[in-house]
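J.: See data17.cif below, with mmCIF, N, CA and C atoms.
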data_structure
#
loop_
_atom_site.label_atom_id
_atom_site.label_comp_id
_atom_site.auth_asym_id
_atom_site.auth_seq_id
_atom_site.Cartn_x
_atom_site.Cartn_y
_atom_site.Cartn_z
N TYR H 110 -31.16 40.78 43.56
CA TYR H 110 -30.10 39.91 43.09
C TYR H 110 -30.32 39.57 41.64
N PHE H 111 -29.23 39.54 40.92
CA PHE H 111 -29.27 39.14 39.53
C PHE H 111 -28.69 37.75 39.40
N PHE H 112 -29.39 36.92 38.68
CA PHE H 112 -28.89 35.56 38.45
C PHE H 112 -28.27 35.48 37.06
N PHE H 113 -27.12 34.91 37.01
CA PHE H 113 -26.44 34.69 35.73
C PHE H 113 -26.37 33.20 35.47
N GLN H 114 -26.61 32.84 34.28
CA GLN H 114 -26.64 31.42 33.96
C GLN H 114 -25.39 31.04 33.16
N ALA H 115 -24.71 30.02 33.65
CA ALA H 115 -23.55 29.49 32.93
C ALA H 115 -24.03 28.55 31.84
N GLU H 116 -23.13 28.12 31.01
CA GLU H 116 -23.51 27.25 29.90
C GLU H 116 -24.10 25.94 30.35
N ASP H 117 -23.66 25.42 31.49
CA ASP H 117 -24.14 24.11 31.89
C ASP H 117 -25.41 24.19 32.74
N GLY H 118 -26.00 25.37 32.87
CA GLY H 118 -27.28 25.50 33.56
C GLY H 118 -27.15 25.78 35.05
N ILE H 119 -25.98 26.05 35.56
CA ILE H 119 -25.82 26.35 36.98
C ILE H 119 -26.11 27.83 37.18
N ARG H 120 -26.99 28.11 38.12
CA ARG H 120 -27.30 29.51 38.42
C ARG H 120 -26.38 29.96 39.54
N ASP H 121 -25.88 31.14 39.40
CA ASP H 121 -24.92 31.65 40.36
C ASP H 121 -25.40 33.02 40.85
N VAL H 122 -25.29 33.27 42.15
CA VAL H 122 -25.75 34.54 42.71
C VAL H 122 -24.71 35.63 42.45
N GLU H 123 -23.47 35.27 42.42
CA GLU H 123 -22.42 36.24 42.17
C GLU H 123 -22.30 36.51 40.69
N ARG H 124 -21.81 37.69 40.42
CA ARG H 124 -21.54 38.02 39.02
C ARG H 124 -20.42 37.14 38.51
N SER H 125 -20.60 36.57 37.37
CA SER H 125 -19.60 35.67 36.82
C SER H 125 -18.52 36.49 36.13
N ARG H 126 -17.31 36.04 36.31
CA ARG H 126 -16.20 36.68 35.60
C ARG H 126 -15.83 35.83 34.38
N GLY H 127 -16.67 34.95 34.01
CA GLY H 127 -16.42 34.07 32.86
C GLY H 127 -16.71 32.64 33.24
N LEU H 128 -16.78 31.78 32.27
CA LEU H 128 -17.14 30.39 32.54
C LEU H 128 -16.11 29.69 33.39
N GLY H 129 -14.86 30.03 33.24
CA GLY H 129 -13.81 29.39 34.01
C GLY H 129 -14.03 29.58 35.50
N ASP H 130 -14.52 30.72 35.87
CA ASP H 130 -14.78 31.02 37.28
C ASP H 130 -15.83 30.07 37.85
N VAL H 131 -16.87 29.81 37.07
CA VAL H 131 -17.93 28.91 37.52
C VAL H 131 -17.38 27.50 37.68
N TYR H 132 -16.62 27.07 36.67
CA TYR H 132 -16.12 25.71 36.72
C TYR H 132 -15.09 25.51 37.81
N LYS H 133 -14.32 26.55 38.16
CA LYS H 133 -13.32 26.43 39.21
C LYS H 133 -13.98 26.19 40.57
N ARG H 134 -15.16 26.77 40.77
CA ARG H 134 -15.82 26.62 42.06
C ARG H 134 -16.57 25.31 42.19
N GLN H 135 -16.73 24.60 41.08
CA GLN H 135 -17.46 23.35 41.16
C GLN H 135 -16.54 22.24 41.64
N VAL H 136 -17.01 21.45 42.54
CA VAL H 136 -16.27 20.28 42.98
C VAL H 136 -16.83 19.15 42.14
N SER H 137 -16.02 18.60 41.31
CA SER H 137 -16.52 17.61 40.38
C SER H 137 -15.77 16.31 40.52
N THR H 138 -16.53 15.24 40.64
CA THR H 138 -15.90 13.93 40.63
C THR H 138 -15.53 13.56 39.20
N GLN H 139 -16.18 14.22 38.24
CA GLN H 139 -15.85 13.95 36.84
C GLN H 139 -14.41 14.35 36.54
N SER H 140 -13.99 15.49 37.06
CA SER H 140 -12.63 15.92 36.78
C SER H 140 -11.63 14.98 37.44
N THR H 141 -11.93 14.51 38.64
CA THR H 141 -11.05 13.56 39.31
C THR H 141 -11.01 12.26 38.52
N TRP H 142 -12.16 11.80 38.08
CA TRP H 142 -12.23 10.57 37.29
C TRP H 142 -11.49 10.76 35.96
N GLY H 143 -11.62 11.93 35.36
CA GLY H 143 -10.94 12.21 34.10
C GLY H 143 -9.43 12.15 34.26
N ILE H 144 -8.93 12.69 35.37
CA ILE H 144 -7.49 12.64 35.64
C ILE H 144 -7.05 11.20 35.82
N PHE H 145 -7.85 10.41 36.53
CA PHE H 145 -7.54 9.01 36.74
C PHE H 145 -7.52 8.26 35.41
N GLU H 146 -8.54 8.51 34.57
CA GLU H 146 -8.59 7.85 33.27
C GLU H 146 -7.38 8.24 32.42
N PHE H 147 -7.02 9.52 32.46
CA PHE H 147 -5.85 9.97 31.70
C PHE H 147 -4.60 9.28 32.20
N TYR H 148 -4.45 9.17 33.51
CA TYR H 148 -3.30 8.52 34.11
C TYR H 148 -3.24 7.05 33.69
N MET H 149 -4.40 6.37 33.76
CA MET H 149 -4.46 4.96 33.39
C MET H 149 -4.18 4.78 31.89
N ALA H 150 -4.71 5.69 31.08
CA ALA H 150 -4.46 5.60 29.64
C ALA H 150 -2.98 5.79 29.36
N ALA H 151 -2.36 6.73 30.08
CA ALA H 151 -0.92 6.96 29.90
C ALA H 151 -0.14 5.73 30.32
N GLN H 152 -0.54 5.10 31.42
CA GLN H 152 0.14 3.89 31.87
C GLN H 152 -0.06 2.77 30.85
N THR H 153 -1.28 2.64 30.35
CA THR H 153 -1.56 1.60 29.36
C THR H 153 -0.72 1.85 28.11
N THR H 154 -0.64 3.09 27.68
CA THR H 154 0.16 3.42 26.51
C THR H 154 1.63 3.10 26.76
N GLU H 155 2.12 3.46 27.94
CA GLU H 155 3.51 3.16 28.27
C GLU H 155 3.75 1.65 28.32
N ALA H 156 2.79 0.91 28.86
CA ALA H 156 2.92 -0.55 28.92
C ALA H 156 2.94 -1.14 27.52
N LYS H 157 2.09 -0.61 26.64
CA LYS H 157 2.06 -1.10 25.26
C LYS H 157 3.38 -0.79 24.55
N LYS H 158 3.89 0.41 24.79
CA LYS H 158 5.17 0.77 24.18
C LYS H 158 6.29 -0.15 24.67
N GLU H 159 6.29 -0.43 25.97
CA GLU H 159 7.31 -1.31 26.53
C GLU H 159 7.19 -2.73 25.98
N GLU H 160 5.96 -3.20 25.85
CA GLU H 160 5.73 -4.54 25.30
C GLU H 160 6.20 -4.60 23.85
N TYR H 161 5.92 -3.56 23.09
CA TYR H 161 6.34 -3.51 21.69
C TYR H 161 7.86 -3.44 21.59
N ARG H 162 8.49 -2.65 22.45
CA ARG H 162 9.94 -2.56 22.46
C ARG H 162 10.57 -3.92 22.74
N LYS H 163 10.02 -4.65 23.71
CA LYS H 163 10.52 -5.99 24.03
C LYS H 163 10.35 -6.94 22.84
N TYR H 164 9.22 -6.83 22.16
CA TYR H 164 8.97 -7.65 20.97
C TYR H 164 10.02 -7.37 19.90
N LEU H 165 10.29 -6.08 19.63
CA LEU H 165 11.28 -5.72 18.62
C LEU H 165 12.67 -6.20 19.01
N GLU H 166 12.98 -6.10 20.29
CA GLU H 166 14.28 -6.54 20.76
C GLU H 166 14.41 -8.06 20.65
N LYS H 167 13.38 -8.78 21.06
CA LYS H 167 13.41 -10.24 21.05
C LYS H 167 13.50 -10.78 19.62
N SER H 168 12.83 -10.13 18.68
CA SER H 168 12.81 -10.61 17.30
C SER H 168 14.05 -10.17 16.51
N GLY H 169 14.93 -9.38 17.12
CA GLY H 169 16.17 -8.99 16.46
C GLY H 169 16.07 -7.76 15.60
N VAL H 170 14.92 -7.11 15.60
CA VAL H 170 14.73 -5.93 14.76
C VAL H 170 15.63 -4.79 15.22
N ILE H 171 15.72 -4.58 16.52
CA ILE H 171 16.53 -3.47 17.04
C ILE H 171 17.99 -3.67 16.67
N ASP H 172 18.50 -4.89 16.82
CA ASP H 172 19.90 -5.16 16.46
C ASP H 172 20.15 -4.90 14.98
N GLN H 173 19.23 -5.37 14.15
CA GLN H 173 19.40 -5.20 12.70
C GLN H 173 19.35 -3.72 12.32
N LEU H 174 18.41 -2.98 12.90
CA LEU H 174 18.32 -1.55 12.60
C LEU H 174 19.56 -0.81 13.09
N THR H 175 20.07 -1.23 14.24
CA THR H 175 21.29 -0.61 14.76
C THR H 175 22.44 -0.84 13.79
N ARG H 176 22.58 -2.08 13.30
CA ARG H 176 23.65 -2.38 12.34
C ARG H 176 23.52 -1.54 11.07
N VAL H 177 22.30 -1.42 10.57
CA VAL H 177 22.10 -0.68 9.33
C VAL H 177 22.41 0.81 9.54
N LEU H 178 21.99 1.35 10.66
CA LEU H 178 22.24 2.77 10.92
C LEU H 178 23.73 3.03 11.17
N VAL H 179 24.40 2.11 11.83
CA VAL H 179 25.85 2.25 12.02
C VAL H 179 26.55 2.16 10.67
N GLY H 180 26.09 1.24 9.82
CA GLY H 180 26.65 1.12 8.47
C GLY H 180 26.47 2.40 7.67
N LEU H 181 25.32 3.02 7.79
CA LEU H 181 25.06 4.29 7.10
C LEU H 181 25.95 5.39 7.66
N TYR H 182 26.11 5.40 8.98
CA TYR H 182 26.94 6.40 9.63
C TYR H 182 28.40 6.26 9.21
N GLU H 183 28.86 5.04 9.05
CA GLU H 183 30.27 4.78 8.74
C GLU H 183 30.60 4.94 7.26
N GLN H 184 29.61 5.17 6.43
CA GLN H 184 29.87 5.40 5.01
C GLN H 184 30.68 6.68 4.84
N PRO H 185 31.83 6.59 4.17
CA PRO H 185 32.64 7.80 3.98
C PRO H 185 31.90 8.85 3.15
N GLU H 186 31.21 8.38 2.11
CA GLU H 186 30.39 9.28 1.31
C GLU H 186 28.94 8.88 1.50
N LYS H 187 28.18 9.77 2.06
CA LYS H 187 26.78 9.45 2.36
C LYS H 187 26.00 9.26 1.06
N PRO H 188 25.17 8.20 1.00
CA PRO H 188 24.39 7.96 -0.22
C PRO H 188 23.33 9.06 -0.41
N ALA H 189 22.99 9.30 -1.66
CA ALA H 189 21.98 10.31 -1.97
C ALA H 189 20.61 9.90 -1.44
N ASN H 190 20.33 8.60 -1.46
CA ASN H 190 19.03 8.11 -1.00
C ASN H 190 19.26 7.14 0.16
N ALA H 191 19.07 7.63 1.37
CA ALA H 191 19.33 6.81 2.56
C ALA H 191 18.37 5.62 2.64
N VAL H 192 17.14 5.81 2.21
CA VAL H 192 16.16 4.72 2.28
C VAL H 192 16.58 3.58 1.36
N GLU H 193 17.05 3.90 0.16
CA GLU H 193 17.52 2.85 -0.75
C GLU H 193 18.73 2.13 -0.16
N PHE H 194 19.61 2.88 0.51
CA PHE H 194 20.77 2.28 1.16
C PHE H 194 20.30 1.27 2.21
N ILE H 195 19.32 1.67 3.02
CA ILE H 195 18.81 0.80 4.08
C ILE H 195 18.16 -0.45 3.48
N LYS H 196 17.37 -0.25 2.43
CA LYS H 196 16.74 -1.40 1.77
C LYS H 196 17.79 -2.38 1.25
N LYS H 197 18.82 -1.83 0.59
CA LYS H 197 19.87 -2.67 0.03
C LYS H 197 20.63 -3.38 1.15
N PHE H 198 20.91 -2.67 2.23
CA PHE H 198 21.63 -3.24 3.36
C PHE H 198 20.84 -4.39 3.97
N LEU H 199 19.52 -4.25 4.02
CA LEU H 199 18.67 -5.29 4.60
C LEU H 199 18.38 -6.42 3.61
N GLY H 200 18.82 -6.26 2.36
CA GLY H 200 18.67 -7.33 1.39
C GLY H 200 17.46 -7.20 0.49
N ALA H 201 16.79 -6.08 0.55
CA ALA H 201 15.64 -5.89 -0.34
C ALA H 201 16.15 -5.62 -1.75
N PRO H 202 15.46 -6.14 -2.75
CA PRO H 202 15.90 -5.89 -4.12
C PRO H 202 15.70 -4.43 -4.50
N SER H 203 16.61 -3.93 -5.32
CA SER H 203 16.46 -2.55 -5.79
C SER H 203 15.50 -2.54 -6.97
N ASP H 204 15.18 -1.34 -7.44
CA ASP H 204 14.24 -1.22 -8.55
C ASP H 204 14.78 -1.91 -9.81
N SER H 205 16.10 -1.81 -10.05
CA SER H 205 16.67 -2.46 -11.24
C SER H 205 16.62 -3.97 -11.09
N ASP H 206 16.82 -4.47 -9.86
CA ASP H 206 16.72 -5.92 -9.62
C ASP H 206 15.31 -6.40 -9.92
N ILE H 207 14.34 -5.66 -9.49
CA ILE H 207 12.94 -6.05 -9.69
C ILE H 207 12.62 -6.09 -11.18
N GLU H 208 13.07 -5.09 -11.92
CA GLU H 208 12.80 -5.04 -13.36
C GLU H 208 13.47 -6.21 -14.08
N SER H 209 14.71 -6.51 -13.72
CA SER H 209 15.39 -7.63 -14.39
C SER H 209 14.71 -8.96 -14.03
N LEU H 210 14.21 -9.08 -12.81
CA LEU H 210 13.48 -10.29 -12.44
C LEU H 210 12.17 -10.42 -13.21
N ARG H 211 11.52 -9.31 -13.46
CA ARG H 211 10.28 -9.34 -14.25
C ARG H 211 10.56 -9.80 -15.68
N VAL H 212 11.63 -9.27 -16.27
CA VAL H 212 12.00 -9.66 -17.64
C VAL H 212 12.33 -11.15 -17.67
N GLU H 213 13.14 -11.60 -16.70
CA GLU H 213 13.52 -13.00 -16.65
C GLU H 213 12.28 -13.89 -16.46
N ASN H 214 11.36 -13.45 -15.63
CA ASN H 214 10.12 -14.21 -15.40
C ASN H 214 9.32 -14.34 -16.69
N ALA H 215 9.20 -13.26 -17.45
CA ALA H 215 8.46 -13.31 -18.72
C ALA H 215 9.14 -14.27 -19.69
N GLN H 216 10.48 -14.23 -19.77
CA GLN H 216 11.21 -15.13 -20.65
C GLN H 216 11.02 -16.59 -20.23
N LEU H 217 11.05 -16.84 -18.94
CA LEU H 217 10.87 -18.21 -18.47
C LEU H 217 9.45 -18.72 -18.73
N LYS H 218 8.48 -17.85 -18.60
CA LYS H 218 7.11 -18.26 -18.92
C LYS H 218 6.99 -18.62 -20.40
N GLU H 219 7.60 -17.82 -21.25
CA GLU H 219 7.57 -18.10 -22.69
C GLU H 219 8.26 -19.42 -23.00
N ARG H 220 9.41 -19.64 -22.37
CA ARG H 220 10.17 -20.89 -22.58
C ARG H 220 9.36 -22.09 -22.09
N THR H 221 8.67 -21.93 -20.98
CA THR H 221 7.84 -23.01 -20.43
C THR H 221 6.72 -23.37 -21.40
N GLU H 222 6.10 -22.37 -22.01
CA GLU H 222 5.04 -22.64 -22.98
C GLU H 222 5.60 -23.40 -24.19
N GLU H 223 6.79 -22.98 -24.66
CA GLU H 223 7.41 -23.67 -25.79
C GLU H 223 7.69 -25.13 -25.45
N LEU H 224 8.25 -25.36 -24.28
CA LEU H 224 8.57 -26.72 -23.87
C LEU H 224 7.30 -27.56 -23.68
N GLN H 225 6.26 -26.95 -23.18
CA GLN H 225 5.00 -27.67 -22.99
C GLN H 225 4.44 -28.11 -24.35
N LYS H 226 4.52 -27.22 -25.33
CA LYS H 226 4.06 -27.59 -26.68
C LYS H 226 4.90 -28.73 -27.25
N LYS H 227 6.22 -28.65 -27.03
CA LYS H 227 7.12 -29.70 -27.52
C LYS H 227 6.79 -31.05 -26.88
N VAL H 228 6.50 -31.03 -25.56
CA VAL H 228 6.13 -32.27 -24.86
C VAL H 228 4.86 -32.84 -25.45
N GLU H 229 3.88 -32.00 -25.73
CA GLU H 229 2.62 -32.47 -26.32
C GLU H 229 2.86 -33.08 -27.70
N GLU H 230 3.71 -32.44 -28.50
CA GLU H 230 4.03 -32.98 -29.84
C GLU H 230 4.71 -34.34 -29.73
N LEU H 231 5.68 -34.44 -28.84
CA LEU H 231 6.40 -35.71 -28.68
C LEU H 231 5.48 -36.81 -28.15
N GLU H 232 4.57 -36.48 -27.26
CA GLU H 232 3.61 -37.47 -26.77
C GLU H 232 2.72 -37.96 -27.90
N ALA H 233 2.31 -37.04 -28.77
CA ALA H 233 1.48 -37.43 -29.93
C ALA H 233 2.27 -38.35 -30.86
N GLU H 234 3.55 -38.03 -31.13
CA GLU H 234 4.39 -38.88 -31.98
C GLU H 234 4.58 -40.26 -31.35
N LEU H 235 4.76 -40.30 -30.05
CA LEU H 235 4.94 -41.56 -29.34
C LEU H 235 3.70 -42.43 -29.47
N GLU H 236 2.54 -41.84 -29.35
CA GLU H 236 1.29 -42.60 -29.50
C GLU H 236 1.16 -43.15 -30.91
N LYS H 237 1.54 -42.35 -31.91
CA LYS H 237 1.48 -42.82 -33.30
C LYS H 237 2.44 -44.00 -33.50
N ALA H 238 3.63 -43.88 -32.95
CA ALA H 238 4.63 -44.96 -33.09
C ALA H 238 4.16 -46.22 -32.39
N ARG H 239 3.56 -46.09 -31.25
CA ARG H 239 3.04 -47.27 -30.54
C ARG H 239 1.92 -47.92 -31.34
N ALA H 240 1.08 -47.11 -31.93
CA ALA H 240 -0.03 -47.66 -32.71
C ALA H 240 0.48 -48.42 -33.94
N LYS H 241 1.54 -47.93 -34.57
CA LYS H 241 2.09 -48.59 -35.75
C LYS H 241 2.81 -49.89 -35.39
N SER H 242 3.46 -49.90 -34.26
CA SER H 242 4.28 -51.06 -33.92
C SER H 242 3.51 -52.17 -33.21
N GLN H 243 2.27 -51.97 -32.96
CA GLN H 243 1.51 -53.05 -32.31
C GLN H 243 1.32 -54.19 -33.29
N ILE H 244 1.68 -55.35 -32.83
CA ILE H 244 1.55 -56.54 -33.65
C ILE H 244 0.37 -57.33 -33.10
N THR H 245 -0.50 -57.68 -33.98
CA THR H 245 -1.65 -58.47 -33.55
C THR H 245 -1.43 -59.90 -33.98
N PHE H 246 -1.69 -60.80 -33.10
CA PHE H 246 -1.54 -62.23 -33.38
C PHE H 246 -2.91 -62.88 -33.27
N PRO H 247 -3.09 -63.90 -34.05
CA PRO H 247 -4.36 -64.64 -33.92
C PRO H 247 -4.45 -65.25 -32.53
N SER H 248 -5.63 -65.38 -32.06
CA SER H 248 -5.82 -65.85 -30.68
C SER H 248 -5.47 -67.33 -30.52
N ASN H 249 -5.43 -68.14 -31.60
CA ASN H 249 -5.15 -69.56 -31.45
C ASN H 249 -3.67 -69.90 -31.63
N SER H 250 -2.83 -68.94 -31.88
CA SER H 250 -1.40 -69.26 -32.05
C SER H 250 -0.69 -69.16 -30.71
N TYR H 251 0.31 -70.01 -30.59
CA TYR H 251 1.10 -70.04 -29.36
C TYR H 251 2.53 -69.72 -29.68
N PHE H 252 3.18 -69.05 -28.80
CA PHE H 252 4.58 -68.76 -28.98
C PHE H 252 5.37 -69.62 -28.05
N LEU H 253 6.38 -70.24 -28.58
CA LEU H 253 7.26 -71.04 -27.75
C LEU H 253 8.55 -70.31 -27.57
N LEU H 254 8.94 -70.18 -26.36
CA LEU H 254 10.20 -69.50 -26.07
C LEU H 254 11.25 -70.56 -25.80
N ASP H 255 12.40 -70.29 -26.29
CA ASP H 255 13.51 -71.20 -26.06
C ASP H 255 14.03 -70.94 -24.65
N GLN H 256 13.85 -71.91 -23.81
CA GLN H 256 14.24 -71.71 -22.43
C GLN H 256 15.57 -72.38 -22.11
N THR H 257 16.30 -72.76 -23.15
CA THR H 257 17.62 -73.39 -22.96
C THR H 257 18.68 -72.32 -23.13
N GLU H 258 19.06 -71.77 -22.10
CA GLU H 258 20.11 -70.73 -22.20
C GLU H 258 21.30 -71.11 -21.44
#
Spell out the structure here as structure tokens.
T.:
Amino acid sequence: YFFFQAEDGIRDVERSRGLGDVYKRQVSTQSTWGIFEFYMAAQTTEAKKEEYRKYLEKSGVIDQLTRVLVGLYEQPEKPANAVEFIKKFLGAPSDSDIESLRVENAQLKERTEELQKKVEELEAELEKARAKSQITFPSNSYFLLDQTE
């Protein structure tokens, strides 16, 4: 008798017709367990997908996407960039909007700095005016107010 050794170390008395032949004759609980694990993983994946679908539906995402896609479908002339159309439909700013907002932001920052400097100058002038207008009286003098009105 000639013994042939398979890759996993199983000795077989019969001539092997390939590794598949050896594995087919093995009764393995691993393969049964593997099928069970695959089945459970598929169920878990399906449950996760269903949970996510419910989340999207509950939060209104599905309705909003449906509206946007129907709006795209109903366009007589299809836009060149569908993604930009969807962004605009959902209210996202376009690239030109973003650039104009950046310019406006820079101008407002500059204006804020100018106004801050002006406030500091006016506060300094106010302090000078207060210092000039302070009247000092001797401590022994009394002021009488006319209370006959």
J.: What is the CA of Arg162 in chain H-atom C of Leu178 in chain H distance in Å, reported with one decimal?
T.: 18.7 Å
J.: Mind giving me the straight-line distance from CA of Phe198 in chain H to CA of Asp172 in chain H in Å, one decimal?
T.: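 Computing the Euclidean distance for CA of Phe198 in chain H and CA of Asp172 in chain H yields 13.4 Å.
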J.: Have a look at CA of Glu166 in chain H and CA of Met149 in chain H and let me know their distance in Å, one decimal.
T.: 25.4 Å
J.: If we count only N, CA and C atoms and set the cut-off at 8 Å, which residues sit around Phe194 in chain H, ignoring sequence neighbours fewer than 6 positions away in its own chain? Please answer as a list of chain:residue names.
T.: H:Val177, H:Leu181, H:Pro188, H:Gly200
J.: Could range 188-197 of chain H be completed with all heavy atoms and returned as a PDB file, in the frame of the given file?
T.:
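Just written: out_12.pdb:
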ATOM      1  N   PRO H 188      25.170   8.200   1.000  1.00  0.00           N
ATOM      2  CA  PRO H 188      24.390   7.960  -0.220  1.00  0.00           C
ATOM      3  C   PRO H 188      23.330   9.060  -0.410  1.00  0.00           C
ATOM      4  O   PRO H 188      22.855   9.651   0.558  1.00  0.00           O
ATOM      5  CB  PRO H 188      23.732   6.607   0.036  1.00  0.00           C
ATOM      6  CG  PRO H 188      23.821   6.374   1.490  1.00  0.00           C
ATOM      7  CD  PRO H 188      24.946   7.189   2.014  1.00  0.00           C
ATOM      8  N   ALA H 189      22.990   9.300  -1.660  1.00  0.00           N
ATOM      9  CA  ALA H 189      21.980  10.310  -1.970  1.00  0.00           C
ATOM     10  C   ALA H 189      20.610   9.900  -1.440  1.00  0.00           C
ATOM     11  O   ALA H 189      19.828  10.739  -0.997  1.00  0.00           O
ATOM     12  CB  ALA H 189      21.911  10.538  -3.477  1.00  0.00           C
ATOM     13  N   ASN H 190      20.330   8.600  -1.460  1.00  0.00           N
ATOM     14  CA  ASN H 190      19.030   8.110  -1.000  1.00  0.00           C
ATOM     15  C   ASN H 190      19.260   7.140   0.160  1.00  0.00           C
ATOM     16  O   ASN H 190      19.602   5.970  -0.058  1.00  0.00           O
ATOM     17  CB  ASN H 190      18.290   7.424  -2.150  1.00  0.00           C
ATOM     18  CG  ASN H 190      16.859   7.088  -1.797  1.00  0.00           C
ATOM     19  OD1 ASN H 190      16.493   7.030  -0.629  1.00  0.00           O
ATOM     20  ND2 ASN H 190      16.050   6.871  -2.818  1.00  0.00           N
ATOM     21  N   ALA H 191      19.070   7.630   1.370  1.00  0.00           N
ATOM     22  CA  ALA H 191      19.330   6.810   2.560  1.00  0.00           C
ATOM     23  C   ALA H 191      18.370   5.620   2.640  1.00  0.00           C
ATOM     24  O   ALA H 191      18.757   4.540   3.091  1.00  0.00           O
ATOM     25  CB  ALA H 191      19.228   7.671   3.819  1.00  0.00           C
ATOM     26  N   VAL H 192      17.140   5.810   2.210  1.00  0.00           N
ATOM     27  CA  VAL H 192      16.160   4.720   2.280  1.00  0.00           C
ATOM     28  C   VAL H 192      16.580   3.580   1.360  1.00  0.00           C
ATOM     29  O   VAL H 192      16.493   2.403   1.748  1.00  0.00           O
ATOM     30  CB  VAL H 192      14.739   5.237   1.920  1.00  0.00           C
ATOM     31  CG1 VAL H 192      13.746   4.096   1.825  1.00  0.00           C
ATOM     32  CG2 VAL H 192      14.271   6.260   2.943  1.00  0.00           C
ATOM     33  N   GLU H 193      17.050   3.900   0.160  1.00  0.00           N
ATOM     34  CA  GLU H 193      17.520   2.850  -0.750  1.00  0.00           C
ATOM     35  C   GLU H 193      18.730   2.130  -0.160  1.00  0.00           C
ATOM     36  O   GLU H 193      18.868   0.925  -0.296  1.00  0.00           O
ATOM     37  CB  GLU H 193      17.870   3.441  -2.126  1.00  0.00           C
ATOM     38  CG  GLU H 193      16.667   3.768  -2.972  1.00  0.00           C
ATOM     39  CD  GLU H 193      15.827   2.548  -3.293  1.00  0.00           C
ATOM     40  OE1 GLU H 193      16.375   1.467  -3.593  1.00  0.00           O
ATOM     41  OE2 GLU H 193      14.591   2.666  -3.251  1.00  0.00           O
ATOM     42  N   PHE H 194      19.610   2.880   0.510  1.00  0.00           N
ATOM     43  CA  PHE H 194      20.770   2.280   1.160  1.00  0.00           C
ATOM     44  C   PHE H 194      20.300   1.270   2.210  1.00  0.00           C
ATOM     45  O   PHE H 194      20.807   0.153   2.290  1.00  0.00           O
ATOM     46  CB  PHE H 194      21.640   3.354   1.814  1.00  0.00           C
ATOM     47  CG  PHE H 194      22.763   2.788   2.636  1.00  0.00           C
ATOM     48  CD1 PHE H 194      23.965   2.434   2.041  1.00  0.00           C
ATOM     49  CD2 PHE H 194      22.616   2.592   4.000  1.00  0.00           C
ATOM     50  CE1 PHE H 194      24.999   1.898   2.797  1.00  0.00           C
ATOM     51  CE2 PHE H 194      23.647   2.058   4.767  1.00  0.00           C
ATOM     52  CZ  PHE H 194      24.834   1.713   4.160  1.00  0.00           C
ATOM     53  N   ILE H 195      19.320   1.670   3.020  1.00  0.00           N
ATOM     54  CA  ILE H 195      18.810   0.800   4.080  1.00  0.00           C
ATOM     55  C   ILE H 195      18.160  -0.450   3.480  1.00  0.00           C
ATOM     56  O   ILE H 195      18.390  -1.565   3.934  1.00  0.00           O
ATOM     57  CB  ILE H 195      17.832   1.568   4.996  1.00  0.00           C
ATOM     58  CG1 ILE H 195      18.603   2.621   5.799  1.00  0.00           C
ATOM     59  CG2 ILE H 195      17.076   0.627   5.917  1.00  0.00           C
ATOM     60  CD1 ILE H 195      17.734   3.594   6.553  1.00  0.00           C
ATOM     61  N   LYS H 196      17.370  -0.250   2.430  1.00  0.00           N
ATOM     62  CA  LYS H 196      16.740  -1.400   1.770  1.00  0.00           C
ATOM     63  C   LYS H 196      17.790  -2.380   1.250  1.00  0.00           C
ATOM     64  O   LYS H 196      17.668  -3.587   1.437  1.00  0.00           O
ATOM     65  CB  LYS H 196      15.871  -0.924   0.595  1.00  0.00           C
ATOM     66  CG  LYS H 196      14.566  -0.299   0.985  1.00  0.00           C
ATOM     67  CD  LYS H 196      13.818   0.100  -0.272  1.00  0.00           C
ATOM     68  CE  LYS H 196      12.520   0.785  -0.002  1.00  0.00           C
ATOM     69  NZ  LYS H 196      11.848   1.188  -1.255  1.00  0.00           N
ATOM     70  N   LYS H 197      18.820  -1.830   0.590  1.00  0.00           N
ATOM     71  CA  LYS H 197      19.870  -2.670   0.030  1.00  0.00           C
ATOM     72  C   LYS H 197      20.630  -3.380   1.150  1.00  0.00           C
ATOM     73  O   LYS H 197      20.950  -4.565   1.044  1.00  0.00           O
ATOM     74  CB  LYS H 197      20.812  -1.827  -0.814  1.00  0.00           C
ATOM     75  CG  LYS H 197      21.774  -2.620  -1.628  1.00  0.00           C
ATOM     76  CD  LYS H 197      22.542  -1.722  -2.565  1.00  0.00           C
ATOM     77  CE  LYS H 197      23.431  -2.546  -3.474  1.00  0.00           C
ATOM     78  NZ  LYS H 197      24.147  -1.716  -4.425  1.00  0.00           N
TER      79      LYS H 197
END
